[in-house]
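This is target_33.txt (compact mmCIF, C-alpha atoms).
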# COMPACT_ATOMS: atom_id res chain seq x y z
CA MET B 1 282.78 -2.38 154.93
CA SER B 2 283.97 -4.97 157.45
CA ASN B 3 282.61 -8.49 157.47
CA GLU B 4 281.38 -7.89 161.02
CA ALA B 5 279.34 -4.90 159.93
CA LEU B 6 277.98 -6.76 156.95
CA ALA B 7 276.88 -9.71 159.03
CA ALA B 8 275.12 -7.61 161.69
CA PRO B 9 271.52 -8.73 162.23
CA ARG B 10 268.96 -6.50 160.57
CA ALA B 11 265.70 -5.64 162.26
CA ILE B 12 262.76 -6.36 159.95
CA ASP B 13 259.68 -4.30 160.60
CA ASP B 14 258.37 -4.15 157.05
CA PRO B 15 254.70 -5.17 157.12
CA LEU B 16 254.98 -6.29 153.52
CA ILE B 17 257.20 -9.19 154.51
CA THR B 18 254.85 -10.20 157.29
CA GLN B 19 252.00 -10.15 154.78
CA ALA B 20 253.99 -12.31 152.38
CA LEU B 21 254.58 -14.85 155.13
CA ALA B 22 250.85 -14.82 155.85
CA GLY B 23 250.10 -15.84 152.29
CA ASP B 24 249.37 -12.49 150.67
CA ARG B 25 250.24 -13.10 147.01
CA ALA B 26 250.82 -9.45 146.14
CA ALA B 27 253.24 -9.14 149.05
CA GLU B 28 254.87 -12.43 148.07
CA ARG B 29 255.39 -11.06 144.57
CA GLU B 30 256.99 -7.88 145.93
CA VAL B 31 259.31 -9.91 148.16
CA CYS B 32 260.38 -12.01 145.17
CA GLN B 33 260.92 -8.90 143.06
CA ARG B 34 263.12 -7.41 145.74
CA LEU B 35 265.21 -10.54 146.13
CA LEU B 36 265.53 -11.53 142.47
CA PRO B 37 268.34 -9.06 141.66
CA ALA B 38 270.34 -10.31 144.65
CA ILE B 39 269.73 -13.91 143.67
CA ARG B 40 270.82 -13.10 140.15
CA ALA B 41 273.96 -11.38 141.41
CA PHE B 42 274.74 -14.47 143.47
CA ALA B 43 274.30 -16.65 140.39
CA ARG B 44 276.17 -14.35 137.99
CA ARG B 45 279.18 -14.44 140.26
CA ARG B 46 279.39 -18.17 139.80
CA LEU B 47 277.86 -19.11 136.49
CA ALA B 48 277.71 -18.15 132.82
CA PRO B 49 274.81 -15.75 132.03
CA ALA B 50 272.44 -18.39 130.62
CA ALA B 51 273.07 -20.82 133.48
CA ALA B 52 272.69 -17.97 135.97
CA GLU B 53 269.16 -17.30 134.75
CA ASP B 54 268.24 -20.98 135.25
CA PHE B 55 269.77 -20.86 138.70
CA ALA B 56 267.82 -17.71 139.63
CA HIS B 57 264.56 -19.29 138.53
CA ASP B 58 265.30 -22.46 140.49
CA ALA B 59 266.06 -20.41 143.59
CA LEU B 60 262.90 -18.35 143.18
CA LEU B 61 260.78 -21.47 142.84
CA LEU B 62 262.26 -22.93 146.01
CA LEU B 63 261.66 -19.66 147.82
CA LEU B 64 258.06 -19.63 146.62
CA GLU B 65 257.68 -23.20 147.79
CA ALA B 66 258.98 -22.28 151.25
CA LEU B 67 256.73 -19.23 151.45
CA ARG B 68 253.62 -21.10 150.40
CA GLU B 69 254.33 -24.01 152.72
CA ARG B 70 254.79 -21.46 155.54
CA ARG B 71 258.23 -22.82 156.32
CA ILE B 72 259.57 -19.35 157.06
CA GLU B 73 258.06 -18.02 160.25
CA GLU B 74 259.92 -14.81 160.98
CA PRO B 75 260.37 -11.86 158.63
CA ALA B 76 263.96 -11.56 159.80
CA ARG B 77 264.69 -14.99 158.36
CA VAL B 78 263.44 -14.41 154.81
CA ALA B 79 266.63 -12.96 153.37
CA GLY B 80 268.76 -15.58 155.08
CA PHE B 81 266.43 -18.31 153.89
CA ALA B 82 266.70 -17.07 150.30
CA LEU B 83 270.47 -16.91 150.60
CA GLY B 84 270.49 -20.40 152.08
CA ILE B 85 268.56 -21.66 149.09
CA CYS B 86 271.12 -20.11 146.79
CA ARG B 87 274.02 -21.61 148.69
CA ASN B 88 272.44 -25.04 148.75
CA LEU B 89 271.78 -24.86 145.04
CA ALA B 90 275.32 -23.73 144.40
CA ARG B 91 276.67 -26.54 146.58
CA GLU B 92 274.59 -29.18 144.94
CA ARG B 93 275.41 -27.94 141.47
CA ALA B 94 272.73 -30.29 140.33
CA ARG B 95 270.43 -29.02 137.68
CA SER B 96 267.18 -30.40 138.97
CA GLY B 97 265.13 -30.21 135.82
CA GLU B 98 262.73 -32.84 137.02
CA ARG B 99 262.26 -31.08 140.35
CA ARG B 100 261.60 -27.86 138.50
CA ARG B 101 258.95 -29.44 136.34
CA GLU B 102 257.32 -30.94 139.43
CA LEU B 103 257.21 -27.58 141.16
CA TYR B 104 255.86 -25.83 138.11
CA ALA B 105 253.13 -28.46 137.94
CA GLN B 106 252.48 -28.48 141.69
CA PHE B 107 251.96 -24.73 141.82
CA GLY B 108 250.38 -24.41 138.40
CA LEU B 109 253.18 -22.16 137.25
CA ARG B 110 254.91 -21.70 133.94
CA GLU B 111 258.28 -20.18 133.15
CA SER B 112 256.50 -17.05 131.95
CA ASP B 113 255.11 -16.56 135.48
CA LEU B 114 258.63 -16.31 136.81
CA LEU B 115 259.72 -14.06 133.97
CA ALA B 116 256.86 -11.75 134.94
CA LEU B 117 258.54 -11.26 138.32
CA GLU B 118 261.41 -9.50 136.58
CA PRO B 119 261.74 -6.03 138.12
CA ARG B 120 261.59 -3.27 135.52
CA HIS B 121 264.91 -1.52 135.47
CA GLU B 122 264.96 0.92 132.62
CA LEU B 123 267.28 3.63 131.49
CA SER B 124 266.70 5.97 128.60
CA ARG B 125 269.05 5.12 125.74
CA ALA B 126 269.35 8.83 124.95
CA HIS B 127 270.30 9.71 128.51
CA LEU B 128 272.80 6.87 128.78
CA GLU B 129 274.28 7.86 125.42
CA ASP B 130 274.67 11.43 126.69
CA CYS B 131 276.49 10.19 129.81
CA TYR B 132 278.51 7.46 128.10
CA SER B 133 279.86 9.98 125.56
CA GLN B 134 281.39 11.94 128.44
CA LEU B 135 283.65 9.05 129.45
CA THR B 136 287.17 8.79 128.11
CA GLU B 137 287.78 6.25 125.38
CA ARG B 138 289.53 3.96 127.84
CA ALA B 139 286.62 4.11 130.26
CA ARG B 140 284.13 3.49 127.43
CA ARG B 141 286.09 0.41 126.39
CA VAL B 142 286.22 -0.95 129.94
CA ILE B 143 282.47 -0.46 130.38
CA ARG B 144 281.66 -1.97 127.00
CA ALA B 145 283.92 -5.00 127.51
CA THR B 146 282.45 -5.57 130.97
CA PHE B 147 278.78 -5.18 130.21
CA CYS B 148 278.39 -6.03 126.53
CA GLU B 149 281.11 -8.56 125.88
CA ASP B 150 281.33 -10.31 129.25
CA ASP B 151 285.13 -10.10 129.16
CA ASP B 152 286.93 -10.85 132.41
CA ASP B 153 289.34 -8.32 133.85
CA ALA B 154 292.39 -10.21 132.60
CA GLN B 155 291.11 -9.97 129.02
CA ILE B 156 290.27 -6.28 129.38
CA ALA B 157 293.63 -5.54 130.96
CA GLN B 158 295.46 -7.29 128.14
CA ALA B 159 293.44 -5.54 125.41
CA LEU B 160 294.07 -2.10 126.93
CA ALA B 161 297.62 -2.73 128.14
CA LEU B 162 296.60 -2.04 131.73
CA SER B 163 296.88 -3.91 135.00
CA GLU B 164 293.76 -5.68 136.30
CA ALA B 165 293.83 -3.32 139.29
CA ASN B 166 293.64 -0.35 136.90
CA VAL B 167 290.72 -1.92 135.06
CA ARG B 168 288.88 -2.25 138.35
CA VAL B 169 289.55 1.36 139.33
CA ILE B 170 288.51 2.66 135.90
CA ARG B 171 285.29 0.64 136.04
CA HIS B 172 284.44 1.83 139.56
CA ARG B 173 285.04 5.47 138.60
CA SER B 174 283.07 5.06 135.39
CA LEU B 175 280.13 3.48 137.19
CA ALA B 176 280.11 6.33 139.69
CA ALA B 177 280.33 8.89 136.89
CA LEU B 178 277.52 7.26 134.94
CA ARG B 179 275.32 6.99 138.02
CA GLY B 180 275.89 10.63 138.90
CA CYS B 181 275.25 11.76 135.34
CA LEU B 182 272.10 9.65 134.98
CA GLU B 183 270.67 11.10 138.17
CA GLY B 184 270.71 14.54 136.57
CA PRO B 185 269.02 15.80 133.44
CA ILE B 186 270.38 15.32 129.93
CA SER B 187 273.27 17.76 129.42
CA TRP B 188 271.46 20.08 127.02
CA VAL B 189 268.71 20.87 129.51
CA ARG B 190 271.08 21.29 132.46
CA GLN B 191 271.02 25.11 132.20
CA MET U 192 282.99 13.73 133.50
CA GLY U 193 285.65 14.26 136.11
CA THR U 194 286.46 11.91 138.93
CA PRO U 195 283.38 12.09 141.13
CA VAL U 196 283.31 12.22 144.90
CA LYS U 197 282.55 8.76 146.26
CA SER U 198 279.10 8.61 147.76
CA GLU U 199 277.44 5.75 149.60
CA SER U 200 275.77 4.81 146.31
CA ASP U 201 279.12 4.73 144.52
CA LEU U 202 280.66 2.60 147.25
CA ALA U 203 277.73 0.19 146.99
CA LEU U 204 278.16 0.04 143.20
CA GLY U 205 281.87 -0.66 143.65
CA GLN U 206 281.21 -3.40 146.21
CA LEU U 207 278.69 -5.06 143.91
CA ASP U 208 281.18 -4.83 141.06
CA ASP U 209 283.93 -6.42 143.15
CA TYR U 210 281.55 -9.17 144.22
CA LEU U 211 280.39 -9.94 140.69
CA ARG U 212 283.88 -9.78 139.22
CA GLY U 213 285.26 -12.19 141.83
CA ALA U 214 287.47 -9.70 143.65
CA HIS U 215 286.23 -10.82 147.07
CA SER U 216 287.64 -13.72 149.05
CA ASP U 217 285.13 -16.45 149.83
CA GLU U 218 284.79 -15.10 153.35
CA GLN U 219 284.20 -11.54 152.14
CA ALA U 220 281.72 -12.78 149.54
CA HIS U 221 279.86 -14.79 152.18
CA ALA U 222 279.46 -11.72 154.42
CA TYR U 223 278.58 -9.53 151.45
CA GLU U 224 275.84 -11.92 150.39
CA GLU U 225 274.27 -11.80 153.85
CA ASP U 226 274.12 -8.03 153.66
CA LEU U 227 273.04 -7.89 150.01
CA PHE U 228 270.12 -10.25 150.40
CA ALA U 229 268.90 -8.45 153.54
CA ARG U 230 269.11 -5.06 151.82
CA ALA U 231 267.46 -6.40 148.66
CA LEU U 232 264.53 -7.68 150.69
CA ALA U 233 264.25 -4.32 152.43
CA ALA U 234 264.32 -2.56 149.02
CA GLU U 235 267.59 -0.93 150.10
CA ALA U 236 269.90 -2.20 147.39
CA PRO U 237 269.36 0.26 144.52
CA GLU U 238 272.75 -0.65 143.07
CA LEU U 239 271.29 -3.96 141.91
CA GLY U 240 268.63 -2.20 139.86
CA PHE U 241 271.07 0.35 138.51
CA ARG U 242 273.53 -2.28 137.37
CA ALA U 243 270.81 -4.39 135.76
CA ALA U 244 269.41 -1.36 133.94
CA LEU U 245 272.86 -0.25 132.84
CA GLN U 246 273.74 -3.67 131.51
CA GLY U 247 270.40 -4.08 129.73
CA THR U 248 270.52 -0.67 128.09
CA LEU U 249 274.18 -0.94 127.09
CA ARG U 250 273.52 -4.33 125.49
CA GLU U 251 270.50 -2.91 123.69
CA MET U 252 272.60 -0.05 122.36
CA ALA U 253 275.38 -2.43 121.32
CA ALA U 254 272.86 -4.60 119.47
CA ARG U 255 271.52 -1.50 117.68
CA GLY U 256 275.08 -0.51 116.80
CA THR U 257 274.63 2.81 118.57
CA ILE U 258 276.87 2.40 121.58
CA SER U 259 279.67 4.39 119.94
CA PRO U 260 278.91 8.10 120.04
CA TRP U 261 281.39 8.68 117.24
CA LEU U 262 281.67 6.76 113.99
CA THR U 263 284.18 6.53 111.19
CA ALA U 264 282.88 6.53 107.61
CA HIS U 265 283.41 2.78 107.56
CA GLU U 266 281.37 2.31 110.73
CA LEU U 267 278.66 4.57 109.32
CA ASP U 268 278.23 2.14 106.42
CA ARG U 269 277.55 -0.62 108.95
CA VAL U 270 274.96 1.48 110.78
CA LEU U 271 273.29 2.38 107.48
CA ALA U 272 273.02 -1.32 106.67
CA SER U 273 271.49 -2.14 110.06
CA GLY U 274 267.91 -1.37 109.08
CA LEU U 275 267.59 1.55 111.50
CA ARG U 276 266.19 4.76 110.07
CA VAL U 277 269.23 7.00 109.90
CA ARG U 278 268.88 10.73 109.30
CA GLN U 279 272.16 12.06 107.87
CA PHE U 280 273.19 15.68 108.15
CA GLU U 281 276.35 17.41 106.99
CA LEU U 282 277.23 20.45 109.00
CA ASP U 283 278.26 23.52 106.98
CA LEU U 284 280.89 25.12 109.18
CA ALA U 285 280.59 28.42 107.30
CA ARG U 286 276.85 28.62 108.00
CA PRO U 287 276.02 26.18 110.80
CA ALA U 288 272.35 25.29 111.13
CA MET U 289 270.22 22.79 112.97
CA PRO U 290 269.41 19.58 111.13
CA ASP U 291 265.86 18.78 110.09
CA LEU U 292 264.52 16.78 113.02
CA SER U 293 260.97 16.42 111.73
CA GLY U 294 259.39 13.10 110.90
CA GLU U 295 260.34 9.64 112.07
CA PHE U 296 263.92 8.43 112.37
CA ASP U 297 265.93 6.35 114.82
CA LEU U 298 269.37 7.91 114.66
CA LEU U 299 270.88 11.22 113.63
CA VAL U 300 274.38 11.08 112.17
CA THR U 301 276.02 14.48 111.82
CA LYS U 302 279.09 14.77 109.63
CA VAL U 303 281.43 17.51 110.85
CA PRO U 304 284.15 18.30 108.29
CA ILE U 305 287.51 18.71 110.03
CA ASP U 306 291.05 18.49 108.73
CA LEU U 307 292.41 15.67 110.85
CA SER U 308 295.92 15.41 109.43
CA GLY U 309 298.45 15.10 112.23
CA VAL U 310 295.75 15.02 114.89
CA HIS U 311 296.33 12.60 117.77
CA ARG U 312 293.27 13.36 119.80
CA LEU U 313 289.98 15.22 119.52
CA ASP U 314 287.73 16.49 122.31
CA ALA U 315 284.51 18.47 122.17
CA GLU U 316 282.79 20.79 124.61
CA VAL U 317 279.20 21.94 124.52
CA LEU U 318 278.43 25.30 126.13
CA THR U 319 275.43 27.55 126.49
CA LEU U 320 275.49 30.81 124.56
CA GLU U 321 276.46 32.41 127.88
CA GLY U 322 279.52 30.18 128.06
CA VAL U 323 278.34 27.72 130.71
CA LEU U 324 279.88 24.30 130.09
CA LEU U 325 277.16 21.67 129.58
CA LYS U 326 279.27 18.65 128.74
CA THR U 327 282.71 17.53 127.65
CA MET U 328 283.16 14.64 125.24
CA PRO U 329 286.75 13.41 125.35
CA ASP U 330 288.50 11.11 122.89
CA ILE U 331 286.33 11.49 119.80
CA ALA U 332 286.92 8.47 117.57
CA PHE U 333 287.99 9.36 114.02
CA ASP U 334 289.77 8.13 110.92
CA PRO U 335 292.03 10.89 109.55
CA ALA U 336 291.28 9.68 106.02
CA ASP U 337 287.61 10.65 106.47
CA ARG U 338 288.54 14.36 106.87
CA ALA U 339 285.46 14.51 109.09
CA VAL U 340 284.01 13.11 112.29
CA TYR U 341 280.58 11.54 112.45
CA ALA U 342 278.51 12.12 115.59
CA CYS U 343 275.84 9.47 116.05
CA CYS U 344 272.97 9.89 118.46
CA GLU U 345 269.52 8.53 119.17
CA ALA U 346 266.63 10.59 117.77
CA GLU U 347 265.43 11.44 121.29
CA LEU U 348 268.81 12.89 122.22
CA ALA U 349 269.01 14.76 118.90
CA ARG U 350 265.62 16.37 119.55
CA THR U 351 266.61 17.33 123.10
CA ALA U 352 269.88 18.82 121.89
CA GLY U 353 268.08 20.56 119.03
CA SER U 354 265.77 22.35 121.42
CA VAL U 355 268.60 24.41 122.94
CA ARG U 356 270.98 26.91 121.34
CA THR U 357 274.57 25.97 122.09
CA ILE U 358 278.19 26.48 121.18
CA THR U 359 280.24 23.38 120.40
CA ARG U 360 284.01 23.70 120.50
CA VAL U 361 286.18 20.99 119.01
CA TRP U 362 289.74 20.78 120.29
CA ALA U 363 292.55 18.88 118.59
CA VAL U 364 295.84 17.70 120.02
CA ASP U 365 298.69 17.38 117.54
CA ASP U 366 302.46 17.67 117.71
CA GLN U 367 302.14 21.42 118.33
CA GLY U 368 299.81 20.97 121.30
CA ARG U 369 296.12 21.59 121.87
CA ARG U 370 294.25 23.94 119.54
CA LEU U 371 290.69 24.93 118.79
CA VAL U 372 289.76 23.56 115.38
CA SER U 373 286.12 24.43 115.23
CA GLU U 374 283.53 26.50 117.09
CA ILE U 375 279.98 25.88 116.03
CA THR U 376 277.02 27.92 117.23
CA VAL U 377 273.57 26.56 116.43
Translate this structure into structure tokens?
Amino acid sequence: MSNEALAAPRAIDDPLITQALAGDRAAEREVCQRLLPAIRAFARRRLAPAAAEDFAHDALLLLLEALRERRIEEPARVAGFALGICRNLARERARSGERRRELYAQFGLRESDLLALEPRHELSRAHLEDCYSQLTERARRVIRATFCEDDDDAQIAQALALSEANVRVIRHRSLAALRGCLEGPISWVRQ
Amino acid sequence: MGTPVKSESDLALGQLDDYLRGAHSDEQAHAYEEDLFARALAAEAPELGFRAALQGTLREMAARGTISPWLTAHELDRVLASGLRVRQFELDLARPAMPDLSGEFDLLVTKVPIDLSGVHRLDAEVLTLEGVLLKTMPDIAFDPADRAVYACCEAELARTAGSVRTITRVWAVDDQGRRLVSEITV
């Protein structure tokens, strides 16, 4: 995908976003749920897992603040506004604990309210086990080191005597294989 | 699983992986973020949910000690000490039968006796009675000293597998090449 294609403006005609901008709390919640995984991805790229969660909550609070103060007028600007919040937070690198406490107090929110925004992404352990067992040992080790041990690619490459480029290719193929397998039924009922 | 054909979903998963693992330049990451946030807001970024679910479930399995589909006897001891309810079953290759799957348990561990001397690699295939391949499990982990492999699976998967009659073929690779070491029909 070229940068030009990625940066192309996106028409927003989703009434849900318009409702969120008009103060509809259910729509606001849905908008936050949609954006949270992207905000988390932004944070995880830059920070350790625990710090990334703090960052995501800070960004969500600031987005909620902007929504409730009606500072975002056009649906087409919501995503960019959220991304701008993330970039500003990243630039500042300041952990604004006091600001966070103020916002929690101002909006009568607690950390549990933000945790409740967490989208429910669930996979069946049995189904994942069925699919994971179909990977080669090398692929299983790459997936495990990436997702369970938070190893970087240099560490994985060293442990498996591979190049970092090979680790990347193995992980991409494994992710595609797991996704494809998980979209189907468990092997034993595939007849 | 063989190498799959790359779909749009797979490309999106790969792009997200590159982004998260720092493979993008700052300029590429900047453009990617613009697109990712817009798609997330439009509920058009399913790769985010998939990756989050995959990570969460893999970590859960790792914490339970069940991420490895195959155990050595030593690893089995660790699983037995974990507090999970483990149903153990030793397969009789002369008269294969289904394990008892009644009652409550968390994991089924099936011991399959196999002479592993000289074996470099083990693979297994599961087929229907008509010979249709259902799945291939490459690179079974084993300790030759165990003279057996231990298959470990969640109770839900054990019950699903136990509801269907299948043939399991175990293939070994040794200095002489690849050979069938066991064919189990249950």
Within 8 Å of chain U: residues of chain B, using all atoms listed in the file, as a ChimeraX atom specification: /B:3-4,6-7,10,12,14,31,34-35,37-39,41-42,44-45,78-80,82-83,121-130,133-137,144,147-148,152-153,172-173,175-177,179-180,187-191
Distance of atom CA of Pro304 of chain U from atom CA of Phe280 of chain U, expressed in Å to one decimal place: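 Interatomic distance, atom CA of Phe280 of chain U to atom CA of Pro304 of chain U: 11.3 Å.
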Find the residues with any atom within 12 Å of (301.0, 20.6, 118.7); use all atoms listed in the file and the coordinates as given in the file, and write the answer as a PDB file with C-alpha atoms, in the frame of the given file.
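Now in selection-v2.pdb:
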ATOM      1  CA  SER U 308     295.920  15.410 109.430  1.00  0.00           C
ATOM      2  CA  GLY U 309     298.450  15.100 112.230  1.00  0.00           C
ATOM      3  CA  VAL U 310     295.750  15.020 114.890  1.00  0.00           C
ATOM      4  CA  HIS U 311     296.330  12.600 117.770  1.00  0.00           C
ATOM      5  CA  ARG U 312     293.270  13.360 119.800  1.00  0.00           C
ATOM      6  CA  TRP U 362     289.740  20.780 120.290  1.00  0.00           C
ATOM      7  CA  ALA U 363     292.550  18.880 118.590  1.00  0.00           C
ATOM      8  CA  VAL U 364     295.840  17.700 120.020  1.00  0.00           C
ATOM      9  CA  ASP U 365     298.690  17.380 117.540  1.00  0.00           C
ATOM     10  CA  ASP U 366     302.460  17.670 117.710  1.00  0.00           C
ATOM     11  CA  GLN U 367     302.140  21.420 118.330  1.00  0.00           C
ATOM     12  CA  GLY U 368     299.810  20.970 121.300  1.00  0.00           C
ATOM     13  CA  ARG U 369     296.120  21.590 121.870  1.00  0.00           C
ATOM     14  CA  ARG U 370     294.250  23.940 119.540  1.00  0.00           C
ATOM     15  CA  LEU U 371     290.690  24.930 118.790  1.00  0.00           C
TER      16      LEU U 371
END
Given all atoms listed in the file as the counted atoms, nearest of B:Leu60, B:Ala51, B:Ala66, B:Leu103 to Leu21 of chain B: B:Ala66
Top pick for closest residue to Arg171 of chain B, considering B:Ile156, B:Leu36, B:Ala22, B:Ala76 and counting all atoms listed in the file: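 Under the stated criterion, the closest residue is B:Ile156.
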Selection near Asp113 of chain B, 12 Å with all atoms listed in the file, sequence-local residues under 4 positions removed, as a tab-separated table (two decimals) with C-alpha atoms, in the coordinates of the input:
chain	number	residue	atom	x	y	z
B	29	ARG	CA	255.39	-11.06	144.57
B	32	CYS	CA	260.38	-12.01	145.17
B	57	HIS	CA	264.56	-19.29	138.53
B	60	LEU	CA	262.90	-18.35	143.18
B	61	LEU	CA	260.78	-21.47	142.84
B	64	LEU	CA	258.06	-19.63	146.62
B	104	TYR	CA	255.86	-25.83	138.11
B	107	PHE	CA	251.96	-24.73	141.82
B	108	GLY	CA	250.38	-24.41	138.40
B	109	LEU	CA	253.18	-22.16	137.25
B	117	LEU	CA	258.54	-11.26	138.32
B	118	GLU	CA	261.41	-9.50	136.58
Nearest residue to Arg338 of chain U from the set U:Ala288, U:Leu307, U:Ile358, U:Val277 (distances using all atoms listed in the file):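 Between U:Ala288, U:Leu307, U:Ile358, U:Val277, the residue approaching Arg338 of chain U most closely is U:Leu307.
Straight-line separation from atom CA of Glu281 of chain U to atom CA of Thr301 of chain U: 5.7 Å.
If you measure from each of U:Ala342, U:Leu292, U:Val300, U:Leu267 to Gln279 of chain U using all atoms listed in the file, the closest one turns out to be U:Val300.
Distance-wise, atom CA of Leu16 of chain B and atom CA of Pro75 of chain B end up 9.3 Å apart.
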Residue contacts of Glu73 of chain B (12 Å, all atoms listed in the file) excluding same-chain residues fewer than 4 positions away, as a list in words: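 Result of the neighbour search: Ile17, Thr18, Gln19, Ala20, Leu21, Ala22, Gly23, Ala66, Leu67, Arg68, Glu69, Arg77, Val78 and Phe81 of chain B.
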Enclosing box along x, y and z for every listed atom of segment 133-143 of chain B, padded 8 Å each side, centre and size in Å, one decimal, as JSON:
{"center_x": 284.7, "center_y": 5.5, "center_z": 127.9, "size_x": 25.7, "size_y": 28.9, "size_z": 21.0}
Generate a file for segment 289-300 of chain U, containing N, CA and C atoms, as a short mmCIF file (atom, residue, chain, number, x, y, z; two decimals), in the first residue's frame.
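Below is the file selection14.cif, written as the result:
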data_model
loop_
_atom_site.label_atom_id
_atom_site.label_comp_id
_atom_site.auth_asym_id
_atom_site.auth_seq_id
_atom_site.Cartn_x
_atom_site.Cartn_y
_atom_site.Cartn_z
N MET U 289 -11.49 -44.95 22.39
CA MET U 289 -11.64 -43.56 22.80
C MET U 289 -11.44 -43.45 24.31
N PRO U 290 -10.87 -42.35 24.76
CA PRO U 290 -10.77 -42.15 26.21
C PRO U 290 -12.12 -41.85 26.82
N ASP U 291 -12.21 -42.00 28.12
CA ASP U 291 -13.43 -41.63 28.84
C ASP U 291 -13.46 -40.10 28.94
N LEU U 292 -14.44 -39.50 28.30
CA LEU U 292 -14.53 -38.04 28.28
C LEU U 292 -15.66 -37.53 29.15
N SER U 293 -16.19 -38.42 30.00
CA SER U 293 -17.30 -38.01 30.86
C SER U 293 -16.78 -37.20 32.05
N GLY U 294 -17.66 -36.50 32.68
CA GLY U 294 -17.30 -35.75 33.88
C GLY U 294 -16.50 -34.51 33.57
N GLU U 295 -16.09 -33.83 34.62
CA GLU U 295 -15.40 -32.56 34.48
C GLU U 295 -13.89 -32.75 34.44
N PHE U 296 -13.24 -32.11 33.50
CA PHE U 296 -11.78 -32.03 33.46
C PHE U 296 -11.40 -30.87 32.56
N ASP U 297 -10.18 -30.38 32.73
CA ASP U 297 -9.71 -29.23 31.94
C ASP U 297 -8.93 -29.67 30.71
N LEU U 298 -8.06 -30.66 30.91
CA LEU U 298 -7.17 -31.09 29.84
C LEU U 298 -7.20 -32.60 29.69
N LEU U 299 -7.04 -33.05 28.47
CA LEU U 299 -6.84 -34.48 28.23
C LEU U 299 -5.40 -34.66 27.76
N VAL U 300 -4.67 -35.54 28.44
CA VAL U 300 -3.32 -35.87 27.97
C VAL U 300 -3.32 -37.34 27.57
#
